[in-house]
Every structure is written in structure tokens, then in C-alpha cells.
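Report on the structure given below.
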Amino acid sequence: MEKLAALYPAHITELNRRVAEICARENLAGLVIHSGQPHRQFLDDMDYPFKVNPHFKAWLPVVDNPHCWLLVNGKDKPQLIFYRPEDFWHKVADVPTAFWTQELDIKLLTKADKVAELLPDQVGQWAYIGEHIDVAEVLGFTARNPEAVISYLHYHRATKTDYELVCLRQANHIAVKGHLAAKSAFYGGASEFEIQQSYLAATDQGENQMPYGNIVALNENAAILHYTALEHQAPAERHSFLIDAGASFSGYAADITRTYAFEKNLFGELITAVDVLQRQIIDMMRPGVKYVDLHVATHQKLAQILIDFNLANGGVADLIESGVTAAFFPHGLGHMLGLQVHDMGGFLHDERGTHIAPPQAHPFLRCTRTLDVNQVLTIEPGLYIIDSLLASLKADKRSQMVQWNTVEQLRPFGGIRIEDNVIVHNDRVENMTRDLGLND
Ligand code: GLY
Ligand code: MN
Ligand code: MN
């Protein structure tokens with residue numbers, strides 16, 4: 001924590017620098033960033049779990065308090081309007097005293113609808129950044145999430161400050177504890193639901209603190225890319241386990257996947273091959289490399305694995321061009337990671353918002369940027385037996401390129417994904433996930 005406190009002032013200086021630049025360019029007095037408001041469940045008197053505006057948590061590690069506001073202009077000390085109602089029904093946030101309070105001027109707000117009294121006089125010259133456009137309108141903001149400002153912030157968000165890198169390492173550190181616990185629960189015979197409970201207990205985080213719904217999949221469930229059902233009953237036979245689960249730290253996310261074979265077998269060898277591929281791709285990362293090129297290189301290496309494991313036959317180029325590799329690996333290689341699991345800005349070519357779409361052959365790729373120093377990304381190649389995708393190969397002449405016997409043999413195992421979180425440095429790549437103890 002000492003380290004965080006020491007790095008935080010420079011983080012605020014950098015965010016202020018960004019705000020000053022974009023406000024000067026857009027002729028704005030500053031930004032008013034809203035933490036958000038609770039969302040009520042339909043015909044109910046309860047709210048959904050609160051999810052804070054990522055632009056708000058970029059400035060301070062407060063993720064659980066709605067009706068807060070930040071006033072930033074890049075020149076003055078940022079002002080925080082901190083919501084602290086009189087409320088005997090709910091837990092009221094304590095007056096903050098943590099290290100970050102020294103970098104902000106804090107005013108307390110006791111009634112959410114009285115915020116206008118604490119906002120700038122000339123609110124029309126400030127831009128509202130937040131989800132509640134109707135509230136912004138009532139308060140007199142004419143600039144609401146201006147595209148030029150949002151694009152600028154999203155583009156620059158890809159470059160993490162040293163404070164953010166510490167937060168991301170800490171999120172990985174927590175998630176690794178969960179992964180190690182989940183692995184032993186799997187080998188101990190637990191159900192998906194029980195594995196999830198082991199994971200949450202080891203991370204000391206609740207389900208709503210997870211940055212995304214954990215994927216805890218036994219056997220063929222591992223072939224369902226976004227499988228979030230949790231079976232309470234352990235399966236009669238145990239073949240494989242895929243877990244894609246993260247953790248949060250001060251608003252920053254980890255996003256890690258591992259796959260395990262229950263016994264020594266062909267599937268276990270295939271996991272090793274995908275693991276080697278994943279490390280080779282990570283070794284190719286350096287400033288100046290295009291993420292799309294890493295994705296294409298993954299398809300080339302994957303085609304060779306399909307050939308080596310007698311899953312497919314033909315040349316590497318043919319297997320890629322005909323869509324055979326895409327049927328086994330239908331998602332993107334990964335994405336930017338930070339305040340959001342799929343951090344915004346992955347398609348932005350410049351700070352003005354020029355968009356680079358993924359290549360037509362790879363529509364699910366979530367990042368088309370050129371790598372640069374202090375970017376944080378996931379690398380998550382996969383190989384799955386997905387019947388609906390393989391059926392389209394079976395239906396035409398590509399059927400001859402697939403070795404259906406091996407497909408049959410691997411079907412009960414579902415699939416493989418291996419996902420690490422890495423930082424691009426000038427002279428090396430830092431694999432946070434493996435460095436922090438998740439080595440297989
Ligand atoms: N867990 C979501 C993803 O890997 O992108
Ligand atoms: Mn993931
Ligand atoms: Mn991911």
C-alpha cells in the first residue's frame with residue numbers, strides 16, 4: 001500500500017495533464033465525472049449491484065458509492081463531491097481518509113438531489129461524463145459525453161501509469177490465489193459450484209466484486225465460450241476443467257484462464273502445446289508490433305498444432321484460409337485490460353477516435369492497436385470442440401480436412417484456453433500472471 005500511496009500523485013498529475021489538453025482543445029472549462037446512480041429492479045424495491053462509471057474510478061479507488069461527482073479541469077486540485085447521506089437503512093460510506101484523499105479537495109453531499117449547489121456556477125461550460133444523461137440535462141450541462149473527449153480519454157487510457165500497473169499486478173496476485181484453490185478443488189472432485197466457492201473464498205472477494213462472471217466449466221461445458229451456469233452436481237466422470245476467472249483491486253481487473261486434464265492423456269498433451277504457443281506469442285510482443293499480427297501468427301501456430309495432433313490435414317495456409325482454424329479457435333487472441341475487463345480503446349488508432357476494425361476474417365478480435373510501452377493486454381489462445389462450428393465444416397468439402405476420429409476422442413474434454421495478463425515494457429514483456437505464481 002505504501003507503494004500505491006507513493007505512486008498516486010504522479011497518476012493524478014498524468015490524468016490532469018490529459019484533462020487539461022483535451023479541455024483546451026474542446027474549449028471546455030473542465031469535466032464533471034459522475035460515479036453513477038443505482039439501478040432499480042423492475043417492479044421491485046431493490047437495486048441491481050452498483051457498477052461505477054469507469055471514468056470515475058480512473059481517478060480514485062472508490063467503486064461502491066453512487067451519487068459522487070468529480071470536478072477536474074487539469075489545473076486546480078481535483079474536487080470530489082462525496083455522497084454521505086443520513087440513512088439508517090443502508091451502510092453509509094465512511095468519510096474517506098486513505099492516502100488518495102490528499103490529492104483531492106473533498107466536499108460531502110448529504111442529499112443526492114442537492115448536488116447542483118456544489119457544481120460549478122457556469123455548468124454549461126463543463127462537460128458531463130457519465131451514464132445519466134437525463135440528470136445531466138436537468139443540471140444544465142449542454143456537453144454530455146462529447147465524443148472528442150471520450151475518444152481522447154479512451155485512447156490514452158491504454159497507457160497505464162505506474163500506479164495503475166501496481167493495481168493490475170495486485171489484481172493478478174489475488175486472482176492467482178483463486179486459481180490455485182480452484183485447481184486443487186478440481187483434482188479433489190468438486191462440482192462446478194463448489195469450485196466457484198473455493199475460488200471466491202481464496203480471493204476473499206464476493207461474486208459481485210468479480211470483474212466478470214467466472215467461467216467454471218467441467219468436461220464438455222468447456223466448449224461453451226461464455227459458460228456461466230454452475231452445476232451443483234459433480235459429473236460422474238471427470239475429464240477436464242477450464243476456468244476463466246478474475247479479481248478486482250481498486251477498480252482494476254485481472255482476467256485469467258487455465259485448463260487442466262484430470263488424467264495424463266492426449267488432451268493433456270494438447271494443453272501443453274497450446275501453452276507453448278501462448279508463451280511464444282507473448283515472446284513476440286514488443287512496442288511497434290501490431291496486435292492483429294499476433295492474432296494471425298496464433299492461427300498459423302494453431303494450424304500446425306491441428307496437424308501435429310492429427311485433428312486436421314493439409315497445409316497451414318489452407319487450414320487458415322478455408323476457416324478450419326477459425327472453427328477450432330473462433331474468438332480473438334485477447335484485448336486491452338485495465339479499469340474494464342475489455343478496456344475501451346482497443347480499436348482506436350489515434351486520440352481523435354479513428355477506428356480500425358478487425359480484419360473481415362477475424363470479426364471477434366477486440367484489439368487492432370499497435371503495441372506500446374505500459375499497455376496491458378491479455379493473450380488467450382484457445383482450441384475447442386464446438387459442434388455447431390464443426391458442423392459447417394462437415395457440410396462441405398472442408399470435411400476432408402478434419403480428422404473426425406480425433407474430434408470424437410476430444411469432444412468429452414470440451415476445449416482449452418490459456419490466458420495471461422501482460423505488460424509491454426520497452427525492452428521486455430512482463431507476464432504478471434506467471435510471475436505471480438500461476439505457472440501451469
Ligand atoms: N473473461 C473474458 C475474456 O476472457 O475476455
Ligand atoms: Mn478471460
Ligand atoms: Mn480475456
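Here's how to read the names in the C-alpha cells: chain A, B, ... by the order shown, residue numbers from 1 in each chain, ligand numbers from 1 in the order shown.
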Within 12 Å of ligand 3, which residues of chain A come that close, and what is the closest atom pair and distance in Å for each? Count only C-alpha atoms and all ligand atoms and give it as a tab-separated table.
residue	atom	partner	partner_atom_place_in_ligand_line	distance
A:Pro211	CA	ligand 3	1 (Mn)	10.9
A:Tyr212	CA	ligand 3	1 (Mn)	9.9
A:Gly213	CA	ligand 3	1 (Mn)	11.7
A:Asn214	CA	ligand 3	1 (Mn)	11.2
A:Ile215	CA	ligand 3	1 (Mn)	11.2
A:Leu225	CA	ligand 3	1 (Mn)	11.2
A:His226	CA	ligand 3	1 (Mn)	11.1
A:Ile243	CA	ligand 3	1 (Mn)	11.7
A:Asp244	CA	ligand 3	1 (Mn)	8.1
A:Ala245	CA	ligand 3	1 (Mn)	9.2
A:Gly246	CA	ligand 3	1 (Mn)	9.3
A:Ala253	CA	ligand 3	1 (Mn)	10.3
A:Ala254	CA	ligand 3	1 (Mn)	8.7
A:Asp255	CA	ligand 3	1 (Mn)	5.4
A:Ile256	CA	ligand 3	1 (Mn)	6.9
A:Thr257	CA	ligand 3	1 (Mn)	7.9
A:Arg258	CA	ligand 3	1 (Mn)	11.6
A:His331	CA	ligand 3	1 (Mn)	10.2
A:Gly332	CA	ligand 3	1 (Mn)	9.1
A:Leu333	CA	ligand 3	1 (Mn)	8.5
A:Gly334	CA	ligand 3	1 (Mn)	5.5
A:His335	CA	ligand 3	1 (Mn)	6.3
A:Met336	CA	ligand 3	1 (Mn)	8.4
A:Leu337	CA	ligand 3	1 (Mn)	8.0
A:Gly338	CA	ligand 3	1 (Mn)	11.1
A:Gln340	CA	ligand 3	1 (Mn)	10.6
A:Val341	CA	ligand 3	1 (Mn)	6.9
A:His342	CA	ligand 3	1 (Mn)	7.1
A:Asp343	CA	ligand 3	1 (Mn)	10.1
A:Leu365	CA	ligand 3	1 (Mn)	11.1
A:Arg366	CA	ligand 3	1 (Mn)	9.7
A:Cys367	CA	ligand 3	1 (Mn)	11.3
A:Val376	CA	ligand 3	1 (Mn)	11.5
A:Leu377	CA	ligand 3	1 (Mn)	8.5
A:Thr378	CA	ligand 3	1 (Mn)	5.7
A:Ile379	CA	ligand 3	1 (Mn)	7.5
A:Glu380	CA	ligand 3	1 (Mn)	6.5
A:Pro381	CA	ligand 3	1 (Mn)	9.8
A:Gly382	CA	ligand 3	1 (Mn)	11.2
A:Arg417	CA	ligand 3	1 (Mn)	10.0
A:Ile418	CA	ligand 3	1 (Mn)	9.7
A:Glu419	CA	ligand 3	1 (Mn)	6.8
A:Asp420	CA	ligand 3	1 (Mn)	8.4
A:Asn421	CA	ligand 3	1 (Mn)	8.5
A:Val422	CA	ligand 3	1 (Mn)	11.5
Neighbours of A:Tyr252 within 6 Å (only C-alpha atoms; same-chain residues fewer than 3 positions away dropped), as a ChimeraX atom specification?
/A:168,248-249,338-339
Got time to write the residues from that selection, N, CA and C atoms, as a CSV table (one decimal), in the first residue's frame?
chain,number,residue,atom,x,y,z
A,168,LEU,N,-2.9,-3.4,-11.2
A,168,LEU,CA,-3.1,-4.6,-12.0
A,168,LEU,C,-2.3,-5.8,-11.6
A,248,SER,N,-10.7,-8.2,-8.6
A,248,SER,CA,-10.6,-6.7,-8.8
A,248,SER,C,-9.6,-6.2,-7.7
A,249,PHE,N,-9.0,-5.1,-8.0
A,249,PHE,CA,-8.2,-4.4,-7.0
A,249,PHE,C,-8.3,-2.9,-7.3
A,338,GLY,N,-7.8,-3.3,-18.0
A,338,GLY,CA,-7.5,-2.2,-17.0
A,338,GLY,C,-8.7,-2.0,-16.1
A,339,LEU,N,-9.3,-0.8,-16.2
A,339,LEU,CA,-10.4,-0.4,-15.4
A,339,LEU,C,-11.6,-1.3,-15.8
Which is closer to ligand 2 than all the others in A:Ser250, A:Asn265, A:Thr259, A:Gln209, using only C-alpha atoms and all ligand atoms?
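Nearest to ligand 2: A:Thr259.
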Give me, as number ranges by chain, the residues of stretch 71-205 of chain A that a backbone DSSP run labels helix (DSSP H, G or I).
A: 99-103, 112-118, 123-125, 133-139, 147-157, 162-187, 192-203
In terms of the shortest atom-to-atom distance over only C-alpha atoms and all ligand atoms, which of A:Arg84, A:Arg17, A:Asp47, A:Met210 is closest to ligand 2?
A:Met210
In Å, how far is it from atom CA of A:Gln196 to atom CA of A:Gln170?
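That distance, rounded to one decimal, is 20.4 Å.
Among the candidates A:Ala175, A:Ile307, A:Val429, A:Ala395, the residue lying nearest to ligand 2 is A:Ala175 (atoms considered: only C-alpha atoms and all ligand atoms).
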